[in-house]
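Below: start.csv (CSV, C-alpha atoms (C1' of nucleotides))
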chain,number,residue,atom,x,y,z
A,110,MET,CA,29.4,-1.7,-15.6
A,111,HIS,CA,27.8,0.6,-13.1
A,112,ALA,CA,26.9,0.6,-9.5
A,113,ILE,CA,23.2,1.0,-8.6
A,114,GLY,CA,23.5,4.8,-8.0
A,115,GLU,CA,25.0,5.3,-11.5
A,116,ALA,CA,22.4,3.0,-13.0
A,117,SER,CA,19.7,5.0,-11.3
A,118,ARG,CA,21.1,8.3,-12.6
A,119,ARG,CA,21.4,6.9,-16.1
A,120,SER,CA,18.0,5.3,-16.2
A,121,GLY,CA,16.0,7.8,-14.2
A,122,VAL,CA,14.7,5.1,-11.9
A,123,PRO,CA,15.2,5.7,-8.2
A,124,ILE,CA,17.5,3.3,-6.4
A,125,GLU,CA,14.8,2.0,-4.1
A,126,THR,CA,12.6,1.4,-7.1
A,127,ILE,CA,15.3,-0.5,-8.9
A,128,ARG,CA,15.7,-2.8,-5.9
A,129,TYR,CA,11.9,-3.1,-5.7
A,130,TYR,CA,11.8,-4.1,-9.4
A,131,GLU,CA,14.4,-6.8,-8.8
A,132,ARG,CA,12.5,-8.2,-5.8
A,133,GLU,CA,9.3,-8.3,-7.8
A,134,GLY,CA,10.9,-9.9,-10.8
A,135,VAL,CA,10.2,-6.9,-13.1
A,136,ILE,CA,13.8,-7.0,-14.2
A,137,ALA,CA,16.4,-9.7,-14.0
A,138,LYS,CA,18.5,-10.1,-10.9
A,139,ALA,CA,21.6,-8.0,-11.1
A,140,GLU,CA,25.0,-9.5,-10.9
A,141,ARG,CA,26.9,-8.8,-7.7
A,142,THR,CA,30.5,-7.9,-6.8
A,143,ALA,CA,32.4,-10.1,-4.4
A,144,SER,CA,31.2,-7.9,-1.6
A,145,GLY,CA,27.6,-8.2,-2.7
A,146,ARG,CA,27.0,-4.9,-4.5
A,147,ARG,CA,24.7,-4.9,-7.5
A,148,VAL,CA,26.4,-4.3,-10.9
A,149,TYR,CA,24.6,-3.1,-14.0
A,150,THR,CA,25.6,-3.5,-17.6
A,151,GLU,CA,24.6,-1.0,-20.3
A,152,ALA,CA,21.9,-3.3,-21.4
A,153,ALA,CA,20.5,-3.5,-17.9
A,154,VAL,CA,20.4,0.3,-17.7
A,155,ALA,CA,18.6,0.3,-21.0
A,156,GLU,CA,16.0,-2.1,-19.6
A,157,LEU,CA,15.4,0.2,-16.7
A,158,ARG,CA,15.0,3.2,-18.9
A,159,PHE,CA,12.6,1.2,-21.1
A,160,ILE,CA,10.5,0.3,-18.1
A,161,ARG,CA,10.5,3.9,-16.9
A,162,ARG,CA,9.3,5.1,-20.2
A,163,CYS,CA,6.5,2.6,-20.2
A,164,ARG,CA,5.5,3.7,-16.7
A,165,ASP,CA,5.7,7.4,-17.8
A,166,LEU,CA,3.1,6.4,-20.4
A,167,GLY,CA,0.9,4.9,-17.7
A,168,PHE,CA,1.4,1.3,-18.6
A,169,PRO,CA,1.1,-1.0,-15.6
A,170,LEU,CA,4.3,-2.9,-14.6
A,171,PRO,CA,3.1,-6.2,-16.0
A,172,ILE,CA,2.4,-4.6,-19.3
A,173,ALA,CA,5.8,-2.8,-19.2
A,174,CYS,CA,7.4,-6.2,-18.7
A,175,LYS,CA,5.5,-7.7,-21.7
A,176,LEU,CA,6.5,-4.8,-23.9
A,177,TYR,CA,10.1,-5.2,-22.9
A,178,ALA,CA,9.9,-8.9,-23.7
A,179,LEU,CA,8.4,-8.1,-27.1
A,180,SER,CA,11.1,-5.6,-27.7
A,181,SER,CA,13.8,-8.2,-27.1
A,182,GLU,CA,12.3,-10.7,-29.5
A,183,GLU,CA,13.7,-10.6,-33.0
A,184,THR,CA,10.3,-11.5,-34.4
A,185,ALA,CA,8.4,-8.8,-32.5
A,186,ASP,CA,5.1,-8.3,-34.2
A,187,CYS,CA,4.2,-4.7,-34.2
A,188,SER,CA,0.5,-5.3,-34.1
A,189,GLU,CA,0.7,-6.8,-30.6
A,190,VAL,CA,2.6,-3.8,-29.4
A,191,ARG,CA,0.0,-1.6,-31.0
A,192,ASP,CA,-2.8,-3.4,-29.2
A,193,PHE,CA,-1.2,-2.7,-25.9
A,194,GLY,CA,-0.8,0.9,-26.9
A,195,LEU,CA,-4.4,1.3,-28.0
A,196,SER,CA,-5.8,-0.3,-25.0
A,197,GLN,CA,-3.7,1.9,-22.8
A,198,LEU,CA,-5.0,4.9,-24.8
A,199,ASP,CA,-8.6,3.8,-24.2
A,200,GLU,CA,-8.0,3.7,-20.5
A,201,VAL,CA,-6.3,7.1,-20.5
A,202,ASN,CA,-9.2,8.5,-22.5
A,203,SER,CA,-11.8,7.2,-20.2
A,204,LYS,CA,-10.0,8.5,-17.2
A,205,ILE,CA,-9.9,11.9,-18.9
A,206,SER,CA,-13.7,11.9,-19.4
A,207,GLU,CA,-14.2,10.9,-15.8
A,208,LEU,CA,-12.0,13.7,-14.6
A,209,GLN,CA,-13.7,16.1,-17.0
A,210,GLU,CA,-17.0,15.3,-15.5
A,211,LEU,CA,-15.5,15.8,-12.0
A,212,ALA,CA,-14.1,19.1,-13.1
A,213,SER,CA,-17.4,20.5,-14.4
A,214,ALA,CA,-19.2,19.3,-11.3
A,215,LEU,CA,-16.7,21.1,-9.2
A,216,GLU,CA,-16.9,24.2,-11.3
A,217,GLU,CA,-20.6,24.3,-10.9
A,218,LEU,CA,-20.4,23.7,-7.2
A,219,THR,CA,-17.8,26.3,-6.5
A,220,ALA,CA,-19.3,28.9,-8.9
A,221,ASN,CA,-22.1,29.9,-6.6
A,222,CYS,CA,-20.1,30.0,-3.4
A,223,ALA,CA,-20.0,33.6,-2.4
A,224,GLU,CA,-17.7,34.9,0.3
A,225,GLY,CA,-19.3,35.5,3.7
A,226,SER,CA,-22.4,33.6,2.8
A,227,THR,CA,-23.6,31.3,5.6
A,228,LYS,CA,-25.7,29.3,3.2
A,229,CYS,CA,-23.2,27.4,1.1
A,230,PRO,CA,-24.7,25.9,-2.1
A,231,MET,CA,-21.8,23.4,-2.4
A,232,LEU,CA,-22.4,22.0,1.1
A,233,ASP,CA,-26.2,21.9,0.4
A,234,ARG,CA,-25.5,19.8,-2.6
A,235,LEU,CA,-23.3,17.4,-0.8
A,236,ARG,CA,-25.8,17.1,2.0
A,237,SER,CA,-29.0,16.6,0.0
B,784,MET,CA,-32.1,3.2,13.4
B,785,HIS,CA,-30.5,0.9,10.9
B,786,ALA,CA,-28.1,-2.0,10.9
B,787,ILE,CA,-24.9,-1.7,8.9
B,788,GLY,CA,-26.3,-3.4,5.8
B,789,GLU,CA,-29.2,-1.0,5.6
B,790,ALA,CA,-27.0,2.0,6.3
B,791,SER,CA,-24.8,0.7,3.5
B,792,ARG,CA,-27.7,0.5,1.1
B,793,ARG,CA,-29.0,3.9,2.0
B,794,SER,CA,-25.7,5.7,1.8
B,795,GLY,CA,-24.1,3.8,-1.1
B,796,VAL,CA,-21.0,3.1,1.0
B,797,PRO,CA,-20.0,-0.6,1.1
B,798,ILE,CA,-20.2,-2.3,4.5
B,799,GLU,CA,-16.5,-3.0,4.7
B,800,THR,CA,-15.8,0.6,3.8
B,801,ILE,CA,-18.1,1.8,6.6
B,802,ARG,CA,-16.2,-0.3,9.1
B,803,TYR,CA,-12.9,1.0,7.6
B,804,TYR,CA,-14.1,4.6,8.0
B,805,GLU,CA,-15.0,3.9,11.6
B,806,ARG,CA,-11.6,2.3,12.3
B,807,GLU,CA,-9.8,5.2,10.7
B,808,GLY,CA,-11.9,7.8,12.5
B,809,VAL,CA,-13.4,9.2,9.3
B,810,ILE,CA,-16.8,8.9,11.0
B,811,ALA,CA,-17.8,8.7,14.6
B,812,LYS,CA,-18.0,5.3,16.2
B,813,ALA,CA,-21.4,3.8,15.8
B,814,GLU,CA,-23.5,2.9,18.8
B,815,ARG,CA,-23.9,-0.8,19.4
B,816,THR,CA,-26.8,-3.1,20.3
B,817,ALA,CA,-26.5,-5.3,23.4
B,818,SER,CA,-25.0,-8.0,21.2
B,819,GLY,CA,-22.4,-5.7,19.7
B,820,ARG,CA,-23.9,-4.9,16.3
B,821,ARG,CA,-23.5,-1.4,14.9
B,822,VAL,CA,-26.6,0.8,14.8
B,823,TYR,CA,-26.9,3.9,12.5
B,824,THR,CA,-29.2,6.9,13.0
B,825,GLU,CA,-30.6,8.8,10.0
B,826,ALA,CA,-27.9,11.5,10.7
B,827,ALA,CA,-25.1,8.9,10.6
B,828,VAL,CA,-26.4,7.6,7.2
B,829,ALA,CA,-26.4,11.2,6.0
B,830,GLU,CA,-22.8,11.6,7.1
B,831,LEU,CA,-21.9,8.5,5.1
B,832,ARG,CA,-23.7,9.8,2.1
B,833,PHE,CA,-21.9,13.1,2.4
B,834,ILE,CA,-18.5,11.4,2.6
B,835,ARG,CA,-19.4,9.3,-0.4
B,836,ARG,CA,-20.3,12.4,-2.5
B,837,CYS,CA,-17.0,14.0,-1.5
B,838,ARG,CA,-15.1,10.9,-2.6
B,839,ASP,CA,-17.1,10.8,-5.8
B,840,LEU,CA,-15.8,14.3,-6.5
B,841,GLY,CA,-12.3,13.1,-5.9
B,842,PHE,CA,-11.8,14.8,-2.5
B,843,PRO,CA,-9.3,12.9,-0.3
B,844,LEU,CA,-10.7,11.5,2.9
B,845,PRO,CA,-9.2,14.1,5.2
B,846,ILE,CA,-10.7,16.8,3.1
B,847,ALA,CA,-14.0,15.0,3.0
B,848,CYS,CA,-13.9,15.0,6.8
B,849,LYS,CA,-13.1,18.7,7.0
B,850,LEU,CA,-16.0,19.5,4.6
B,851,TYR,CA,-18.3,17.5,6.8
B,852,ALA,CA,-17.2,19.3,9.8
B,853,LEU,CA,-17.7,22.6,8.1
B,854,SER,CA,-21.2,21.5,7.0
B,855,SER,CA,-22.1,20.8,10.6
B,856,GLU,CA,-21.1,24.2,11.8
B,857,GLU,CA,-23.8,26.8,12.1
B,858,THR,CA,-21.3,29.4,11.1
B,859,ALA,CA,-19.9,27.6,8.1
B,860,ASP,CA,-18.2,30.2,5.9
B,861,CYS,CA,-18.8,29.5,2.3
B,862,SER,CA,-15.4,30.8,1.2
B,863,GLU,CA,-13.5,28.1,3.0
B,864,VAL,CA,-15.6,25.4,1.3
B,865,ARG,CA,-15.1,27.1,-2.0
B,866,ASP,CA,-11.3,27.1,-1.4
B,867,PHE,CA,-11.3,23.3,-1.0
B,868,GLY,CA,-13.4,23.0,-4.1
B,869,LEU,CA,-11.2,25.2,-6.1
B,870,SER,CA,-8.0,23.4,-5.0
B,871,GLN,CA,-9.6,20.1,-5.8
B,872,LEU,CA,-10.6,21.5,-9.2
B,873,ASP,CA,-6.9,22.6,-9.8
B,874,GLU,CA,-5.8,19.1,-9.1
B,875,VAL,CA,-8.3,17.5,-11.3
B,876,ASN,CA,-7.4,19.9,-14.1
B,877,SER,CA,-3.7,19.2,-13.8
B,878,LYS,CA,-4.4,15.5,-13.9
B,879,ILE,CA,-6.4,16.0,-17.0
B,880,SER,CA,-3.6,17.8,-18.7
B,881,GLU,CA,-1.1,15.1,-17.7
B,882,LEU,CA,-3.4,12.5,-19.1
B,883,GLN,CA,-4.0,14.4,-22.3
B,884,GLU,CA,-0.3,14.5,-22.8
B,885,LEU,CA,-0.1,10.8,-22.3
B,886,ALA,CA,-3.0,10.3,-24.7
B,887,SER,CA,-1.3,12.3,-27.5
B,888,ALA,CA,2.0,10.5,-26.9
B,889,LEU,CA,0.2,7.2,-27.1
B,890,GLU,CA,-1.7,8.2,-30.3
B,891,GLU,CA,1.6,9.2,-31.9
B,892,LEU,CA,3.3,6.0,-30.9
B,893,THR,CA,0.5,3.7,-32.1
B,894,ALA,CA,-0.3,5.6,-35.2
B,895,ASN,CA,2.7,4.3,-37.1
B,896,CYS,CA,2.5,0.7,-36.0
B,897,ALA,CA,1.6,-1.3,-39.0
B,898,GLU,CA,0.5,-4.9,-38.9
B,899,GLY,CA,3.1,-7.4,-39.7
B,900,SER,CA,6.0,-5.0,-39.5
B,901,THR,CA,8.9,-6.3,-37.7
B,902,LYS,CA,10.3,-2.9,-37.0
B,903,CYS,CA,8.0,-1.3,-34.5
B,904,PRO,CA,8.3,2.4,-34.2
B,905,MET,CA,6.7,2.4,-30.7
B,906,LEU,CA,9.3,-0.1,-29.4
B,907,ASP,CA,12.0,2.0,-31.0
B,908,ARG,CA,10.9,5.0,-29.2
B,909,LEU,CA,10.7,3.2,-25.9
B,910,ARG,CA,14.2,1.9,-26.4
B,911,SER,CA,16.0,4.9,-27.6
C,24,DA,C1',-34.8,-26.5,16.1
C,25,DT,C1',-32.8,-25.4,12.0
C,26,DG,C1',-31.0,-23.0,8.5
C,27,DC,C1',-29.7,-18.9,6.3
C,28,DA,C1',-28.7,-14.0,6.1
C,29,DT,C1',-26.3,-10.8,8.5
C,30,DC,C1',-23.2,-9.4,11.6
C,31,DC,C1',-18.6,-9.4,14.3
C,32,DT,C1',-13.1,-9.1,14.6
C,33,DG,C1',-8.7,-9.4,12.7
C,34,DT,C1',-5.6,-9.8,9.2
C,35,DA,C1',-3.8,-9.7,4.5
C,36,DG,C1',-3.8,-8.1,-0.2
C,37,DC,C1',-3.9,-4.6,-4.0
C,38,DA,C1',-0.3,-1.0,-7.0
C,39,DA,C1',3.8,0.9,-7.1
C,40,DC,C1',6.5,2.7,-4.7
C,41,DT,C1',8.9,5.3,-0.6
C,42,DA,C1',11.1,5.7,3.7
C,43,DC,C1',13.3,4.3,7.3
C,44,DA,C1',16.7,1.6,10.7
C,45,DG,C1',20.7,-0.5,11.4
C,46,DG,C1',24.6,-2.2,9.5
C,47,DT,C1',28.7,-3.0,5.7
C,48,DT,C1',31.9,-1.4,2.2
C,49,DC,C1',34.5,1.7,-0.7
C,50,DA,C1',37.4,5.5,-2.0
C,51,DA,C1',39.7,9.7,-1.0
C,52,DG,C1',42.6,12.5,1.8
C,53,DC,C1',46.0,13.0,5.5
D,1396,DG,C1',47.5,3.0,7.8
D,1397,DC,C1',43.6,5.5,9.4
D,1398,DT,C1',39.6,8.2,9.3
D,1399,DT,C1',35.6,10.0,7.3
D,1400,DG,C1',31.8,10.3,4.5
D,1401,DA,C1',29.3,8.6,0.6
D,1402,DA,C1',27.3,4.8,-1.2
D,1403,DC,C1',25.7,0.4,-0.7
D,1404,DC,C1',23.2,-3.7,1.7
D,1405,DT,C1',18.8,-6.2,3.9
D,1406,DG,C1',14.5,-6.2,5.9
D,1407,DT,C1',10.4,-4.1,7.3
D,1408,DA,C1',6.8,-0.7,7.5
D,1409,DG,C1',4.1,3.1,5.7
D,1410,DT,C1',1.4,5.3,1.8
D,1411,DT,C1',-4.1,5.7,-0.1
D,1412,DG,C1',-8.5,3.8,0.1
D,1413,DC,C1',-10.3,0.4,0.1
D,1414,DT,C1',-11.4,-5.0,-0.7
D,1415,DA,C1',-11.4,-9.8,0.5
D,1416,DC,C1',-11.1,-13.4,3.2
D,1417,DA,C1',-11.3,-16.7,7.6
D,1418,DG,C1',-13.5,-18.1,11.4
D,1419,DG,C1',-17.0,-17.3,14.3
D,1420,DA,C1',-21.5,-15.2,16.7
D,1421,DT,C1',-26.2,-13.5,16.2
D,1422,DG,C1',-31.0,-12.7,14.5
D,1423,DC,C1',-35.1,-14.0,12.3
D,1424,DA,C1',-38.3,-16.9,9.9
D,1425,DT,C1',-40.2,-21.4,9.5

Would you give me this structure, written as structure tokens?
Amino acid sequence: MHAIGEASRRSGVPIETIRYYEREGVIAKAERTASGRRVYTEAAVAELRFIRRCRDLGFPLPIACKLYALSSEETADCSEVRDFGLSQLDEVNSKISELQELASALEELTANCAEGSTKCPMLDRLRS
Amino acid sequence: MHAIGEASRRSGVPIETIRYYEREGVIAKAERTASGRRVYTEAAVAELRFIRRCRDLGFPLPIACKLYALSSEETADCSEVRDFGLSQLDEVNSKISELQELASALEELTANCAEGSTKCPMLDRLRS
DNA sequence: ATGCATCCTGTAGCAACTACAGGTTCAAGC
DNA sequence: GCTTGAACCTGTAGTTGCTACAGGATGCAT
């Protein structure tokens, strides 16, 4: 059993975020001591860590919740998990292509900017 | 002189966003008709378009403002513009690498998920 | 005169936190 | 037993850049 600070250290989820997750129903409400302080079991810490890993992979919170629910089921069907993973992968890949287009646009725009010039090709392109 | 709807169509900035920009001081306050409706000059529409192009390139609003200010100066030094562009490029590039790491992690995690399996390697990795 | 598009203000919601303010409780040292 | 400082509590507001109403006024065409 750990206090919230220890749970935070062990899970890598900031204290404020843990409380936020509880408020939002992402995780179950923690038990409390007589004086009202939250108490976390090892399993609760593992849940926090699980959620954090999902977030690190870019899964939105609702999906992270679903994945955790799946992971708690005995009968967890791998293919459902895989579908979430693949759809997340799709999204990440399309963000990557978007950003790559941005990057090449920015490269082109900055490439012709010469120091001291009063006629800036980048500004010209933004204006026209 | 255009009403806000026309300014929106011409600049590609949604009406609500134009009002938001005005509230936030991103653009100058528009003139009003006797009855209180906003009125946009050709120059104001150009400003909106400029801001939109900056946003499309991923520049944050405060930077978009600075770029517009620079673009209005006679003495605009190209090198300052270039610096903004390069720093934006840096940011885009680092986001790309982050996302590429995510993508490869997701590829690895999903690769071994086989249909019907009750032991999901992806869940195992999220748990451990 | 009527109806419909367009406009107005003001407020709230989104995602996922983060950062206070203002107050209680716990634990360690003296 | 008392003090002090860390850690905890609730509740609210701010972040970024919009977007979506609600509820009402205005403009224009028929």

Residue contacts of region 140-143 of chain A (12 Å, all atoms listed in the file) excluding same-chain residues fewer than 6 positions away, as a PDB file with C-alpha atoms (C1' of nucleotides), in the coordinates of the input:
ATOM      1  CA  MET A 110      29.400  -1.700 -15.600  1.00  0.00           C
ATOM      2  CA  HIS A 111      27.800   0.600 -13.100  1.00  0.00           C
ATOM      3  CA  ALA A 112      26.900   0.600  -9.500  1.00  0.00           C
ATOM      4  CA  ILE A 113      23.200   1.000  -8.600  1.00  0.00           C
ATOM      5  CA  GLU A 131      14.400  -6.800  -8.800  1.00  0.00           C
ATOM      6  CA  TYR A 149      24.600  -3.100 -14.000  1.00  0.00           C
ATOM      7  CA  THR A 150      25.600  -3.500 -17.600  1.00  0.00           C
ATOM      8  CA  ALA A 153      20.500  -3.500 -17.900  1.00  0.00           C
TER       9      ALA A 153
ATOM     10  C1'  DT C  48      31.900  -1.400   2.200  1.00  0.00           C
TER      11       DT C  48
ATOM     12  C1'  DC D1403      25.700   0.400  -0.700  1.00  0.00           C
ATOM     13  C1'  DC D1404      23.200  -3.700   1.700  1.00  0.00           C
TER      14       DC D1404
END

If you take only C-alpha atoms (C1' of nucleotides) and a cut-off of 9 Å, which residues of chain B touch chain D, and what are their nearest atom pairs and distances in Å to one decimal, in chain and number order, as CSV?
residue,atom,partner,partner_atom,distance
B:Glu799,CA,D:DT1414,C1',7.7
B:Thr800,CA,D:DC1413,C1',6.6
B:Tyr803,CA,D:DC1413,C1',8.0
B:Ser818,CA,D:DT1421,C1',7.5
B:Arg820,CA,D:DT1421,C1',8.9
B:Pro843,CA,D:DT1411,C1',8.9
B:Leu844,CA,D:DG1412,C1',8.5

Next on the checklist: Quick check: residues of chain C within 10 Å of chain B, only C-alpha atoms (C1' of nucleotides), returned as a ChimeraX atom specification.
Outcome noted: /C:29-31

Can you list every residue of chain A that has an atom at most 8 Å from chain B, with its nearest atom pair and the distance in Å to one decimal, using only C-alpha atoms, ordered by chain then number, as JSON lines?
{"residue": "A:Ala155", "atom": "CA", "partner": "B:Arg910", "partner_atom": "CA", "distance": 7.1}
{"residue": "A:Arg158", "atom": "CA", "partner": "B:Arg910", "partner_atom": "CA", "distance": 7.7}
{"residue": "A:Phe159", "atom": "CA", "partner": "B:Leu909", "partner_atom": "CA", "distance": 5.5}
{"residue": "A:Arg162", "atom": "CA", "partner": "B:Leu909", "partner_atom": "CA", "distance": 6.2}
{"residue": "A:Cys163", "atom": "CA", "partner": "B:Leu909", "partner_atom": "CA", "distance": 7.1}
{"residue": "A:Leu166", "atom": "CA", "partner": "B:Leu885", "partner_atom": "CA", "distance": 5.8}
{"residue": "A:Gly167", "atom": "CA", "partner": "B:Leu885", "partner_atom": "CA", "distance": 7.5}
{"residue": "A:Leu176", "atom": "CA", "partner": "B:Leu906", "partner_atom": "CA", "distance": 7.8}
{"residue": "A:Ser180", "atom": "CA", "partner": "B:Leu906", "partner_atom": "CA", "distance": 6.0}
{"residue": "A:Glu183", "atom": "CA", "partner": "B:Thr901", "partner_atom": "CA", "distance": 8.0}
{"residue": "A:Thr184", "atom": "CA", "partner": "B:Thr901", "partner_atom": "CA", "distance": 6.3}
{"residue": "A:Ala185", "atom": "CA", "partner": "B:Thr901", "partner_atom": "CA", "distance": 5.8}
{"residue": "A:Asp186", "atom": "CA", "partner": "B:Thr901", "partner_atom": "CA", "distance": 5.5}
{"residue": "A:Cys187", "atom": "CA", "partner": "B:Cys903", "partner_atom": "CA", "distance": 5.1}
{"residue": "A:Ser188", "atom": "CA", "partner": "B:Glu898", "partner_atom": "CA", "distance": 4.8}
{"residue": "A:Val190", "atom": "CA", "partner": "B:Met905", "partner_atom": "CA", "distance": 7.5}
{"residue": "A:Arg191", "atom": "CA", "partner": "B:Thr893", "partner_atom": "CA", "distance": 5.4}
{"residue": "A:Gly194", "atom": "CA", "partner": "B:Thr893", "partner_atom": "CA", "distance": 6.0}
{"residue": "A:Leu195", "atom": "CA", "partner": "B:Thr893", "partner_atom": "CA", "distance": 6.8}
{"residue": "A:Gln197", "atom": "CA", "partner": "B:Leu889", "partner_atom": "CA", "distance": 7.9}
{"residue": "A:Leu198", "atom": "CA", "partner": "B:Ala886", "partner_atom": "CA", "distance": 5.8}
{"residue": "A:Val201", "atom": "CA", "partner": "B:Ala886", "partner_atom": "CA", "distance": 6.2}
{"residue": "A:Asn202", "atom": "CA", "partner": "B:Ala886", "partner_atom": "CA", "distance": 6.8}
{"residue": "A:Lys204", "atom": "CA", "partner": "B:Leu882", "partner_atom": "CA", "distance": 7.9}
{"residue": "A:Ile205", "atom": "CA", "partner": "B:Ile879", "partner_atom": "CA", "distance": 5.7}
{"residue": "A:Leu208", "atom": "CA", "partner": "B:Val875", "partner_atom": "CA", "distance": 6.2}
{"residue": "A:Gln209", "atom": "CA", "partner": "B:Ile879", "partner_atom": "CA", "distance": 7.3}
{"residue": "A:Leu211", "atom": "CA", "partner": "B:Leu840", "partner_atom": "CA", "distance": 5.7}
{"residue": "A:Ala212", "atom": "CA", "partner": "B:Leu872", "partner_atom": "CA", "distance": 5.8}
{"residue": "A:Ala214", "atom": "CA", "partner": "B:Leu840", "partner_atom": "CA", "distance": 7.7}
{"residue": "A:Leu215", "atom": "CA", "partner": "B:Leu872", "partner_atom": "CA", "distance": 6.1}
{"residue": "A:Glu216", "atom": "CA", "partner": "B:Leu872", "partner_atom": "CA", "distance": 7.2}
{"residue": "A:Leu218", "atom": "CA", "partner": "B:Gly868", "partner_atom": "CA", "distance": 7.7}
{"residue": "A:Thr219", "atom": "CA", "partner": "B:Arg865", "partner_atom": "CA", "distance": 5.3}
{"residue": "A:Cys222", "atom": "CA", "partner": "B:Cys861", "partner_atom": "CA", "distance": 5.9}
{"residue": "A:Ala223", "atom": "CA", "partner": "B:Cys861", "partner_atom": "CA", "distance": 6.4}
{"residue": "A:Glu224", "atom": "CA", "partner": "B:Ser862", "partner_atom": "CA", "distance": 4.8}
{"residue": "A:Gly225", "atom": "CA", "partner": "B:Asp860", "partner_atom": "CA", "distance": 5.8}
{"residue": "A:Ser226", "atom": "CA", "partner": "B:Cys861", "partner_atom": "CA", "distance": 5.5}
{"residue": "A:Thr227", "atom": "CA", "partner": "B:Asp860", "partner_atom": "CA", "distance": 5.5}
{"residue": "A:Lys228", "atom": "CA", "partner": "B:Cys861", "partner_atom": "CA", "distance": 7.0}
{"residue": "A:Cys229", "atom": "CA", "partner": "B:Cys861", "partner_atom": "CA", "distance": 5.0}
{"residue": "A:Met231", "atom": "CA", "partner": "B:Val864", "partner_atom": "CA", "distance": 7.5}
{"residue": "A:Leu232", "atom": "CA", "partner": "B:Ser854", "partner_atom": "CA", "distance": 6.0}
{"residue": "A:Leu235", "atom": "CA", "partner": "B:Phe833", "partner_atom": "CA", "distance": 5.5}
{"residue": "A:Arg236", "atom": "CA", "partner": "B:Phe833", "partner_atom": "CA", "distance": 5.6}

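Our summary of the geometry notes that CA of Ile172 (chain A) is positioned 10.2 Å from CA of Val135 (chain A).
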
Checklist entry - What does the distance between CA of Arg793 (chain B) and CA of Val822 (chain B) come to in Å, to one decimal place? => result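 Those two atoms sit 13.4 Å apart.
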
Checklist entry - C1' of DT32 (chain C) to CA of Ala790 (chain B): how many Å, to one decimal? => result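 Computing it gives 19.6 Å between the two atoms.
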